[in-house]
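K.L.:
Here you go, work_8.txt (compact mmCIF, N, CA and C atoms):
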# COMPACT_ATOMS: atom_id res chain seq x y z
N MET Q 1158 68.91 -76.53 -56.89
CA MET Q 1158 68.56 -75.17 -57.21
C MET Q 1158 67.50 -74.73 -56.21
N THR Q 1159 67.66 -73.53 -55.69
CA THR Q 1159 66.72 -73.04 -54.68
C THR Q 1159 65.61 -72.27 -55.35
N LEU Q 1160 64.56 -72.01 -54.58
CA LEU Q 1160 63.42 -71.26 -55.08
C LEU Q 1160 63.82 -69.83 -55.44
N ASP Q 1161 64.77 -69.25 -54.68
CA ASP Q 1161 65.25 -67.90 -54.98
C ASP Q 1161 65.92 -67.84 -56.36
N GLN Q 1162 66.67 -68.87 -56.72
CA GLN Q 1162 67.35 -68.88 -58.01
C GLN Q 1162 66.36 -69.04 -59.16
N ILE Q 1163 65.28 -69.80 -58.93
CA ILE Q 1163 64.27 -69.98 -59.97
C ILE Q 1163 63.53 -68.67 -60.21
N GLU Q 1164 63.21 -67.94 -59.14
CA GLU Q 1164 62.49 -66.69 -59.28
C GLU Q 1164 63.38 -65.57 -59.81
N ASP Q 1165 64.68 -65.62 -59.53
CA ASP Q 1165 65.60 -64.60 -60.00
C ASP Q 1165 65.94 -64.87 -61.47
N LYS Q 1166 65.44 -64.01 -62.38
CA LYS Q 1166 65.61 -64.23 -63.81
C LYS Q 1166 67.00 -63.81 -64.28
N SER Q 1167 67.82 -63.24 -63.40
CA SER Q 1167 69.13 -62.81 -63.81
C SER Q 1167 70.14 -63.95 -63.75
N VAL Q 1168 69.80 -65.09 -63.20
CA VAL Q 1168 70.72 -66.22 -63.12
C VAL Q 1168 70.07 -67.43 -63.77
N ILE Q 1169 70.75 -68.01 -64.74
CA ILE Q 1169 70.29 -69.24 -65.38
C ILE Q 1169 71.27 -70.32 -64.99
N SER Q 1170 70.76 -71.42 -64.46
CA SER Q 1170 71.62 -72.50 -64.00
C SER Q 1170 71.37 -73.72 -64.86
N LYS Q 1171 72.44 -74.44 -65.19
CA LYS Q 1171 72.31 -75.60 -66.04
C LYS Q 1171 73.28 -76.66 -65.54
N GLU Q 1172 72.80 -77.85 -65.37
CA GLU Q 1172 73.66 -78.94 -64.95
C GLU Q 1172 74.20 -79.65 -66.17
N LYS Q 1173 75.50 -79.84 -66.16
CA LYS Q 1173 76.12 -80.53 -67.27
C LYS Q 1173 77.22 -81.41 -66.71
N PHE Q 1174 77.08 -82.69 -66.87
CA PHE Q 1174 78.06 -83.67 -66.42
C PHE Q 1174 78.40 -83.49 -64.94
N GLY Q 1175 77.40 -83.24 -64.14
CA GLY Q 1175 77.61 -83.14 -62.71
C GLY Q 1175 78.12 -81.80 -62.25
N GLU Q 1176 78.41 -80.87 -63.18
CA GLU Q 1176 78.87 -79.54 -62.80
C GLU Q 1176 77.74 -78.54 -63.00
N THR Q 1177 77.76 -77.49 -62.24
CA THR Q 1177 76.75 -76.46 -62.40
C THR Q 1177 77.45 -75.20 -62.93
N SER Q 1178 76.97 -74.71 -64.05
CA SER Q 1178 77.51 -73.46 -64.59
C SER Q 1178 76.41 -72.42 -64.53
N LYS Q 1179 76.77 -71.20 -64.22
CA LYS Q 1179 75.80 -70.12 -64.10
C LYS Q 1179 76.11 -69.04 -65.11
N LEU Q 1180 75.07 -68.47 -65.68
CA LEU Q 1180 75.19 -67.38 -66.63
C LEU Q 1180 74.46 -66.18 -66.04
N ASP Q 1181 75.18 -65.10 -65.83
CA ASP Q 1181 74.61 -63.90 -65.24
C ASP Q 1181 74.10 -63.00 -66.35
N LEU Q 1182 72.79 -62.76 -66.38
CA LEU Q 1182 72.18 -61.91 -67.40
C LEU Q 1182 71.76 -60.56 -66.85
N SER Q 1183 72.21 -60.20 -65.68
CA SER Q 1183 71.74 -58.98 -65.04
C SER Q 1183 72.17 -57.72 -65.78
N HIS Q 1184 73.24 -57.76 -66.59
CA HIS Q 1184 73.71 -56.58 -67.29
C HIS Q 1184 73.17 -56.48 -68.71
N SER Q 1185 72.40 -57.45 -69.16
CA SER Q 1185 71.96 -57.44 -70.55
C SER Q 1185 70.94 -56.34 -70.83
N GLY Q 1186 70.28 -55.83 -69.83
CA GLY Q 1186 69.29 -54.78 -70.03
C GLY Q 1186 69.86 -53.38 -69.96
N GLU Q 1187 71.19 -53.26 -69.75
CA GLU Q 1187 71.79 -51.93 -69.65
C GLU Q 1187 71.75 -51.23 -71.00
N ARG Q 1188 71.74 -49.91 -70.97
CA ARG Q 1188 71.74 -49.12 -72.20
C ARG Q 1188 73.15 -49.03 -72.77
N MET Q 1189 73.22 -48.86 -74.10
CA MET Q 1189 74.51 -48.66 -74.75
C MET Q 1189 75.07 -47.31 -74.37
N ARG Q 1190 76.39 -47.21 -74.39
CA ARG Q 1190 77.02 -45.92 -74.16
C ARG Q 1190 76.67 -44.99 -75.32
N PRO Q 1191 76.56 -43.68 -75.08
CA PRO Q 1191 76.19 -42.74 -76.16
C PRO Q 1191 77.15 -42.79 -77.35
N SER Q 1192 78.44 -42.96 -77.11
CA SER Q 1192 79.39 -42.99 -78.23
C SER Q 1192 79.18 -44.24 -79.09
N MET Q 1193 78.88 -45.37 -78.47
CA MET Q 1193 78.61 -46.58 -79.24
C MET Q 1193 77.32 -46.43 -80.03
N ARG Q 1194 76.32 -45.84 -79.42
CA ARG Q 1194 75.03 -45.64 -80.10
C ARG Q 1194 75.19 -44.70 -81.28
N ALA Q 1195 75.95 -43.61 -81.11
CA ALA Q 1195 76.17 -42.67 -82.21
C ALA Q 1195 76.93 -43.33 -83.35
N GLY Q 1196 77.94 -44.11 -83.03
CA GLY Q 1196 78.70 -44.81 -84.06
C GLY Q 1196 77.86 -45.82 -84.81
N LEU Q 1197 77.04 -46.56 -84.08
CA LEU Q 1197 76.16 -47.54 -84.70
C LEU Q 1197 75.13 -46.86 -85.59
N THR Q 1198 74.56 -45.76 -85.11
CA THR Q 1198 73.58 -45.01 -85.89
C THR Q 1198 74.20 -44.46 -87.17
N LEU Q 1199 75.39 -43.89 -87.08
CA LEU Q 1199 76.08 -43.37 -88.25
C LEU Q 1199 76.40 -44.48 -89.24
N GLY Q 1200 76.83 -45.62 -88.74
CA GLY Q 1200 77.12 -46.75 -89.61
C GLY Q 1200 75.90 -47.25 -90.35
N VAL Q 1201 74.78 -47.37 -89.65
CA VAL Q 1201 73.54 -47.83 -90.28
C VAL Q 1201 73.06 -46.82 -91.31
N MET Q 1202 73.14 -45.52 -90.97
CA MET Q 1202 72.71 -44.49 -91.92
C MET Q 1202 73.57 -44.50 -93.18
N SER Q 1203 74.89 -44.68 -93.03
CA SER Q 1203 75.78 -44.73 -94.18
C SER Q 1203 75.49 -45.95 -95.05
N LEU Q 1204 75.23 -47.07 -94.41
CA LEU Q 1204 74.90 -48.28 -95.15
C LEU Q 1204 73.60 -48.13 -95.92
N VAL Q 1205 72.59 -47.56 -95.28
CA VAL Q 1205 71.30 -47.35 -95.94
C VAL Q 1205 71.45 -46.38 -97.11
N ALA Q 1206 72.19 -45.29 -96.91
CA ALA Q 1206 72.38 -44.31 -97.99
C ALA Q 1206 73.15 -44.92 -99.15
N GLY Q 1207 74.16 -45.72 -98.85
CA GLY Q 1207 74.96 -46.32 -99.90
C GLY Q 1207 74.24 -47.38 -100.69
N LEU Q 1208 73.34 -48.10 -100.05
CA LEU Q 1208 72.65 -49.20 -100.71
C LEU Q 1208 71.25 -48.83 -101.18
N SER Q 1209 70.86 -47.57 -101.00
CA SER Q 1209 69.49 -47.18 -101.33
C SER Q 1209 69.25 -47.04 -102.82
N GLY Q 1210 70.30 -46.91 -103.61
CA GLY Q 1210 70.14 -46.75 -105.04
C GLY Q 1210 69.87 -45.31 -105.44
N CYS Q 1211 69.85 -44.41 -104.51
CA CYS Q 1211 69.63 -43.00 -104.82
C CYS Q 1211 70.97 -42.36 -105.15
N MET Q 1212 71.01 -41.65 -106.25
CA MET Q 1212 72.23 -40.98 -106.64
C MET Q 1212 72.28 -39.62 -105.95
N ILE Q 1213 73.45 -39.27 -105.45
CA ILE Q 1213 73.56 -37.99 -104.77
C ILE Q 1213 73.78 -36.86 -105.75
N VAL Q 1214 74.12 -37.16 -107.01
CA VAL Q 1214 74.26 -36.16 -108.06
C VAL Q 1214 73.42 -36.62 -109.22
N ASP Q 1215 72.52 -35.76 -109.70
CA ASP Q 1215 71.63 -36.14 -110.78
C ASP Q 1215 72.36 -36.07 -112.12
N ALA Q 1216 72.02 -36.97 -113.01
CA ALA Q 1216 72.58 -37.02 -114.35
C ALA Q 1216 71.56 -37.67 -115.27
N PRO Q 1217 71.63 -37.41 -116.59
CA PRO Q 1217 70.66 -38.02 -117.49
C PRO Q 1217 70.83 -39.54 -117.61
N ILE Q 1218 72.02 -40.04 -117.32
CA ILE Q 1218 72.27 -41.48 -117.32
C ILE Q 1218 73.08 -41.79 -116.08
N LYS Q 1219 72.74 -42.87 -115.40
CA LYS Q 1219 73.36 -43.17 -114.12
C LYS Q 1219 73.91 -44.59 -114.09
N GLY Q 1220 75.05 -44.74 -113.46
CA GLY Q 1220 75.63 -46.05 -113.25
C GLY Q 1220 75.48 -46.46 -111.80
N VAL Q 1221 75.39 -47.74 -111.55
CA VAL Q 1221 75.23 -48.22 -110.18
C VAL Q 1221 76.50 -47.98 -109.36
N LEU Q 1222 77.64 -48.29 -109.93
CA LEU Q 1222 78.90 -48.14 -109.20
C LEU Q 1222 79.49 -46.74 -109.31
N GLY Q 1223 79.18 -46.07 -110.39
CA GLY Q 1223 79.72 -44.72 -110.57
C GLY Q 1223 79.16 -44.07 -111.81
N THR Q 1224 79.29 -42.75 -111.87
CA THR Q 1224 78.81 -41.98 -113.01
C THR Q 1224 79.85 -40.92 -113.34
N GLU Q 1225 80.11 -40.73 -114.63
CA GLU Q 1225 80.94 -39.61 -115.09
C GLU Q 1225 80.46 -39.25 -116.49
N VAL Q 1226 79.61 -38.23 -116.59
CA VAL Q 1226 79.00 -37.85 -117.86
C VAL Q 1226 79.05 -36.34 -118.05
N ILE Q 1227 79.01 -35.93 -119.32
CA ILE Q 1227 78.91 -34.52 -119.70
C ILE Q 1227 77.78 -34.42 -120.72
N TRP Q 1228 76.91 -33.42 -120.58
CA TRP Q 1228 75.84 -33.23 -121.55
C TRP Q 1228 75.56 -31.76 -121.74
N GLY Q 1229 75.06 -31.43 -122.93
CA GLY Q 1229 74.77 -30.05 -123.28
C GLY Q 1229 73.40 -29.63 -122.77
N ASP Q 1230 73.30 -28.37 -122.43
CA ASP Q 1230 72.04 -27.86 -121.90
C ASP Q 1230 71.51 -26.73 -122.78
N ILE Q 1231 72.32 -25.71 -123.01
CA ILE Q 1231 71.87 -24.53 -123.76
C ILE Q 1231 72.97 -24.14 -124.75
N ALA Q 1232 72.58 -23.81 -125.97
CA ALA Q 1232 73.52 -23.29 -126.95
C ALA Q 1232 72.81 -22.24 -127.79
N THR Q 1233 73.51 -21.17 -128.12
CA THR Q 1233 72.91 -20.10 -128.92
C THR Q 1233 72.97 -20.39 -130.41
N GLY Q 1234 73.79 -21.33 -130.81
CA GLY Q 1234 73.92 -21.64 -132.23
C GLY Q 1234 74.95 -20.79 -132.93
N GLU Q 1235 75.55 -19.86 -132.22
CA GLU Q 1235 76.57 -19.00 -132.83
C GLU Q 1235 77.85 -19.80 -133.04
N THR Q 1236 78.46 -19.61 -134.17
CA THR Q 1236 79.76 -20.23 -134.40
C THR Q 1236 80.82 -19.17 -134.20
N THR Q 1237 81.82 -19.52 -133.45
CA THR Q 1237 82.91 -18.58 -133.19
C THR Q 1237 84.23 -19.29 -133.46
N ASP Q 1238 85.24 -18.50 -133.60
CA ASP Q 1238 86.58 -19.03 -133.83
C ASP Q 1238 87.05 -19.76 -132.57
N PRO Q 1239 87.42 -21.04 -132.70
CA PRO Q 1239 87.88 -21.78 -131.53
C PRO Q 1239 89.08 -21.15 -130.84
N ALA Q 1240 89.87 -20.40 -131.58
CA ALA Q 1240 91.04 -19.76 -130.98
C ALA Q 1240 90.65 -18.66 -130.00
N THR Q 1241 89.49 -18.01 -130.22
CA THR Q 1241 89.05 -16.94 -129.33
C THR Q 1241 88.04 -17.42 -128.29
N MET Q 1242 87.65 -18.67 -128.36
CA MET Q 1242 86.66 -19.23 -127.43
C MET Q 1242 87.26 -19.38 -126.03
N LYS Q 1243 86.51 -18.97 -125.05
CA LYS Q 1243 86.92 -19.11 -123.65
C LYS Q 1243 86.01 -20.13 -122.98
N GLU Q 1244 86.50 -20.73 -121.92
CA GLU Q 1244 85.72 -21.71 -121.17
C GLU Q 1244 85.87 -21.45 -119.68
N GLY Q 1245 84.76 -21.50 -118.98
CA GLY Q 1245 84.77 -21.34 -117.53
C GLY Q 1245 84.02 -22.50 -116.90
N LYS Q 1246 84.46 -22.91 -115.74
CA LYS Q 1246 83.86 -24.07 -115.06
C LYS Q 1246 83.63 -23.73 -113.59
N ALA Q 1247 82.48 -24.13 -113.08
CA ALA Q 1247 82.16 -23.93 -111.66
C ALA Q 1247 81.53 -25.22 -111.14
N CYS Q 1248 81.97 -25.68 -109.96
CA CYS Q 1248 81.53 -26.99 -109.45
C CYS Q 1248 81.03 -26.92 -108.01
N ALA Q 1249 80.19 -27.88 -107.67
CA ALA Q 1249 79.75 -28.11 -106.30
C ALA Q 1249 79.94 -29.59 -106.03
N GLU Q 1250 80.19 -29.95 -104.77
CA GLU Q 1250 80.43 -31.35 -104.44
C GLU Q 1250 79.57 -31.79 -103.26
N SER Q 1251 79.37 -33.09 -103.19
CA SER Q 1251 78.57 -33.68 -102.12
C SER Q 1251 79.32 -34.88 -101.56
N ILE Q 1252 79.25 -35.05 -100.25
CA ILE Q 1252 79.88 -36.18 -99.58
C ILE Q 1252 78.80 -36.98 -98.87
N LEU Q 1253 78.63 -38.23 -99.28
CA LEU Q 1253 77.65 -39.17 -98.73
C LEU Q 1253 76.21 -38.67 -98.85
N GLY Q 1254 76.00 -37.65 -99.67
CA GLY Q 1254 74.66 -37.10 -99.78
C GLY Q 1254 74.24 -36.37 -98.52
N LEU Q 1255 75.15 -36.20 -97.59
CA LEU Q 1255 74.85 -35.53 -96.31
C LEU Q 1255 75.38 -34.10 -96.28
N LEU Q 1256 76.54 -33.88 -96.87
CA LEU Q 1256 77.16 -32.56 -96.89
C LEU Q 1256 77.35 -32.12 -98.34
N ALA Q 1257 76.96 -30.92 -98.66
CA ALA Q 1257 77.14 -30.39 -100.01
C ALA Q 1257 77.65 -28.97 -99.91
N ARG Q 1258 78.57 -28.61 -100.82
CA ARG Q 1258 79.09 -27.24 -100.83
C ARG Q 1258 79.57 -26.90 -102.23
N GLY Q 1259 79.61 -25.60 -102.52
CA GLY Q 1259 80.12 -25.13 -103.79
C GLY Q 1259 79.11 -24.25 -104.52
N ASP Q 1260 79.58 -23.62 -105.58
CA ASP Q 1260 78.76 -22.74 -106.41
C ASP Q 1260 78.92 -23.21 -107.85
N ALA Q 1261 77.93 -23.89 -108.37
CA ALA Q 1261 77.97 -24.42 -109.74
C ALA Q 1261 77.07 -23.60 -110.66
N SER Q 1262 76.95 -22.32 -110.40
CA SER Q 1262 76.05 -21.47 -111.18
C SER Q 1262 76.72 -21.02 -112.48
N VAL Q 1263 75.91 -20.60 -113.43
CA VAL Q 1263 76.41 -20.05 -114.69
C VAL Q 1263 77.20 -18.78 -114.40
N ARG Q 1264 76.72 -17.99 -113.48
CA ARG Q 1264 77.41 -16.74 -113.11
C ARG Q 1264 78.84 -17.03 -112.62
N ALA Q 1265 79.00 -18.04 -111.77
CA ALA Q 1265 80.34 -18.38 -111.26
C ALA Q 1265 81.23 -18.93 -112.38
N ALA Q 1266 80.66 -19.74 -113.27
CA ALA Q 1266 81.44 -20.28 -114.39
C ALA Q 1266 81.87 -19.16 -115.34
N LYS Q 1267 80.99 -18.18 -115.60
CA LYS Q 1267 81.35 -17.03 -116.44
C LYS Q 1267 82.50 -16.26 -115.82
N GLN Q 1268 82.41 -16.04 -114.53
CA GLN Q 1268 83.45 -15.29 -113.83
C GLN Q 1268 84.77 -16.05 -113.85
N ASN Q 1269 84.73 -17.38 -113.64
CA ASN Q 1269 85.95 -18.19 -113.64
C ASN Q 1269 86.63 -18.22 -115.01
N GLY Q 1270 85.86 -18.11 -116.09
CA GLY Q 1270 86.42 -18.12 -117.43
C GLY Q 1270 86.60 -16.75 -118.05
N ASN Q 1271 86.27 -15.71 -117.28
CA ASN Q 1271 86.35 -14.32 -117.77
C ASN Q 1271 85.54 -14.17 -119.07
N ILE Q 1272 84.29 -14.63 -119.05
CA ILE Q 1272 83.41 -14.64 -120.21
C ILE Q 1272 82.34 -13.56 -120.03
N THR Q 1273 82.08 -12.80 -121.07
CA THR Q 1273 81.03 -11.78 -121.03
C THR Q 1273 79.80 -12.21 -121.83
N GLU Q 1274 80.02 -12.96 -122.92
CA GLU Q 1274 78.90 -13.42 -123.75
C GLU Q 1274 78.95 -14.94 -123.86
N VAL Q 1275 77.90 -15.58 -123.39
CA VAL Q 1275 77.84 -17.05 -123.33
C VAL Q 1275 77.27 -17.60 -124.63
N THR Q 1276 77.94 -18.61 -125.21
CA THR Q 1276 77.43 -19.29 -126.40
C THR Q 1276 76.91 -20.69 -126.11
N SER Q 1277 77.40 -21.32 -125.05
CA SER Q 1277 76.88 -22.64 -124.68
C SER Q 1277 77.07 -22.90 -123.18
N VAL Q 1278 76.14 -23.69 -122.64
CA VAL Q 1278 76.21 -24.10 -121.24
C VAL Q 1278 76.07 -25.62 -121.22
N ASP Q 1279 77.05 -26.29 -120.67
CA ASP Q 1279 77.03 -27.75 -120.50
C ASP Q 1279 77.12 -28.07 -119.02
N HIS Q 1280 76.79 -29.31 -118.71
CA HIS Q 1280 76.90 -29.78 -117.32
C HIS Q 1280 77.67 -31.08 -117.30
N SER Q 1281 78.32 -31.33 -116.19
CA SER Q 1281 78.98 -32.62 -115.99
C SER Q 1281 78.65 -33.11 -114.59
N ALA Q 1282 78.59 -34.41 -114.46
CA ALA Q 1282 78.30 -35.02 -113.16
C ALA Q 1282 79.23 -36.20 -112.96
N ARG Q 1283 79.75 -36.32 -111.75
CA ARG Q 1283 80.57 -37.47 -111.37
C ARG Q 1283 80.06 -37.98 -110.04
N ASN Q 1284 80.03 -39.28 -109.91
CA ASN Q 1284 79.58 -39.90 -108.67
C ASN Q 1284 80.30 -41.23 -108.54
N LEU Q 1285 80.84 -41.50 -107.35
CA LEU Q 1285 81.53 -42.75 -107.10
C LEU Q 1285 80.90 -43.44 -105.89
N LEU Q 1286 80.16 -44.51 -106.13
CA LEU Q 1286 79.57 -45.34 -105.08
C LEU Q 1286 78.71 -44.55 -104.10
N ASN Q 1287 78.13 -43.46 -104.54
CA ASN Q 1287 77.32 -42.59 -103.68
C ASN Q 1287 78.10 -42.06 -102.47
N ILE Q 1288 79.41 -42.05 -102.59
CA ILE Q 1288 80.24 -41.52 -101.51
C ILE Q 1288 80.59 -40.07 -101.80
N VAL Q 1289 81.15 -39.83 -102.98
CA VAL Q 1289 81.54 -38.48 -103.38
C VAL Q 1289 80.87 -38.17 -104.71
N GLY Q 1290 80.23 -37.02 -104.79
CA GLY Q 1290 79.59 -36.59 -106.02
C GLY Q 1290 80.01 -35.18 -106.38
N GLU Q 1291 80.05 -34.89 -107.68
CA GLU Q 1291 80.43 -33.56 -108.14
C GLU Q 1291 79.52 -33.16 -109.30
N TRP Q 1292 79.00 -31.94 -109.26
CA TRP Q 1292 78.15 -31.38 -110.31
C TRP Q 1292 78.83 -30.11 -110.79
N CYS Q 1293 79.08 -30.01 -112.11
CA CYS Q 1293 79.77 -28.83 -112.66
C CYS Q 1293 78.95 -28.21 -113.78
N THR Q 1294 79.10 -26.90 -113.91
CA THR Q 1294 78.55 -26.14 -115.03
C THR Q 1294 79.73 -25.64 -115.85
N ILE Q 1295 79.68 -25.93 -117.16
CA ILE Q 1295 80.76 -25.53 -118.05
C ILE Q 1295 80.19 -24.52 -119.05
N VAL Q 1296 80.75 -23.33 -119.06
CA VAL Q 1296 80.26 -22.24 -119.90
C VAL Q 1296 81.33 -21.92 -120.95
N ARG Q 1297 80.89 -21.77 -122.20
CA ARG Q 1297 81.79 -21.36 -123.28
C ARG Q 1297 81.28 -20.06 -123.92
N GLY Q 1298 82.19 -19.27 -124.34
CA GLY Q 1298 81.80 -17.99 -124.97
C GLY Q 1298 83.00 -17.12 -125.18
N HIS Q 1299 82.74 -15.82 -125.24
CA HIS Q 1299 83.84 -14.85 -125.42
C HIS Q 1299 83.55 -13.60 -124.64
The structure given in the file should be rewritten as structure tokens.

P.N.:
Amino acid sequence: MTLDQIEDKSVISKEKFGETSKLDLSHSGERMRPSMRAGLTLGVMSLVAGLSGCMIVDAPIKGVLGTEVIWGDIATGETTDPATMKEGKACAESILGLLARGDASVRAAKQNGNITEVTSVDHSARNLLNIVGEWCTIVRGH
């Protein structure tokens, strides 16, 4: 081995059974391509979000693997004939906790059910492995 090879940190030489094998490390300091870096970053972010234990849709009771619950929020106490009762539902959804869209307001649920007088407002939440979440408002009235 020459003095140049010892000083050059890009070549590692090793003798094994009388043969010399060389390992070139000169490319190990290169930067990753932008597409590889973006893919790796997205993968790490998805893994962290999925394993963080944070639910992307809030509910009064939560499951680790998934959630699907309905609970009451507001009721006027009025009793009406079930035959004349109307129901409207409005939902919003979330994907990976990164993208969310929809209108889950009482106003949208009233409009969807053609309701003018509200007697109760309930909510429902669904979540599957923090990948897809859905929050709905369910309005009943006449």

K.L.:
In Å, how far is it from atom N of Gly1290 of chain Q to atom C of Leu1256 of chain Q?

P.N.:
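These two atoms are separated by 8.6 Å.
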
K.L.:
Give me, please, the distance in Å between atom CA of Val1289 of chain Q and atom N of Leu1253 of chain Q, quoted to one decimal.

P.N.:
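Between these atoms lies a distance of 5.0 Å.
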
K.L.:
How many Å lie between atom CA of Gly1245 of chain Q and atom C of Ala1257 of chain Q, rounded to one decimal?

P.N.:
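Taking atom CA of Gly1245 of chain Q as the start and atom C of Ala1257 of chain Q as the end point, the length is 20.5 Å.
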
K.L.:
Got a sec to check which residues sit within 8 Å of (81.1, -13.8, -123.0), counting only C-alpha atoms, and write them as a list in words?

P.N.:
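Every polymer residue passing the test: Lys1243, Lys1267, Asn1271, Ile1272, Thr1273, Glu1274, Val1275, Thr1276, Arg1297, Gly1298 and His1299 of chain Q.
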
K.L.:
Dump N, CA and C atoms for the selected residues as a tab-separated table (two decimals), in the frame of the given file?

P.N.:
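The resulting out25.tsv:
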chain	number	residue	atom	x	y	z
Q	1243	LYS	N	86.51	-18.97	-125.05
Q	1243	LYS	CA	86.92	-19.11	-123.65
Q	1243	LYS	C	86.01	-20.13	-122.98
Q	1267	LYS	N	80.99	-18.18	-115.60
Q	1267	LYS	CA	81.35	-17.03	-116.44
Q	1267	LYS	C	82.50	-16.26	-115.82
Q	1271	ASN	N	86.27	-15.71	-117.28
Q	1271	ASN	CA	86.35	-14.32	-117.77
Q	1271	ASN	C	85.54	-14.17	-119.07
Q	1272	ILE	N	84.29	-14.63	-119.05
Q	1272	ILE	CA	83.41	-14.64	-120.21
Q	1272	ILE	C	82.34	-13.56	-120.03
Q	1273	THR	N	82.08	-12.80	-121.07
Q	1273	THR	CA	81.03	-11.78	-121.03
Q	1273	THR	C	79.80	-12.21	-121.83
Q	1274	GLU	N	80.02	-12.96	-122.92
Q	1274	GLU	CA	78.90	-13.42	-123.75
Q	1274	GLU	C	78.95	-14.94	-123.86
Q	1275	VAL	N	77.90	-15.58	-123.39
Q	1275	VAL	CA	77.84	-17.05	-123.33
Q	1275	VAL	C	77.27	-17.60	-124.63
Q	1276	THR	N	77.94	-18.61	-125.21
Q	1276	THR	CA	77.43	-19.29	-126.40
Q	1276	THR	C	76.91	-20.69	-126.11
Q	1297	ARG	N	80.89	-21.77	-122.20
Q	1297	ARG	CA	81.79	-21.36	-123.28
Q	1297	ARG	C	81.28	-20.06	-123.92
Q	1298	GLY	N	82.19	-19.27	-124.34
Q	1298	GLY	CA	81.80	-17.99	-124.97
Q	1298	GLY	C	83.00	-17.12	-125.18
Q	1299	HIS	N	82.74	-15.82	-125.24
Q	1299	HIS	CA	83.84	-14.85	-125.42
Q	1299	HIS	C	83.55	-13.60	-124.64

K.L.:
Which residue out of Q:Gly1259, Q:Gly1220, Q:Gly1200, Q:Gly1229 has the minimum interatomic distance to Ser1281 of chain Q when only C-alpha atoms are used?

P.N.:
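Closest to Ser1281 of chain Q of all the choices is Q:Gly1229.
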
K.L.:
Centre and edge lengths, as AutoDock Vina command-line options, for the axis-aligned box enclosing every listed atom of segment 1272-1283 of chain Q with 6 Å of padding on each of the six sides, in Å to one decimal?

P.N.:
--center_x 80.2 --center_y -24.9 --center_z -118.2 --size_x 20.2 --size_y 38.2 --size_z 28.4

K.L.:
Given the choices Q:Arg1264, Q:Ala1195, Q:Cys1248, Q:Glu1235, which gets closest to Trp1292 of chain Q if the distance is worked out from all atoms listed in the file?

P.N.:
Q:Cys1248

K.L.:
Between Q:Ala1261, Q:Ala1266, Q:Ala1249, Q:Val1278, single out the one closest to Trp1228 of chain Q, counting only N, CA and C atoms.

P.N.:
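Closest to Trp1228 of chain Q, using only N, CA and C atoms: Q:Val1278.
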
K.L.:
For the point (79.9, -46.5, -108.2) in file coordinates, what residues are within 7 Å, counting all atoms listed in the file? Give the answer as a ChimeraX atom specification?

P.N.:
/Q:1220-1224,1284-1287
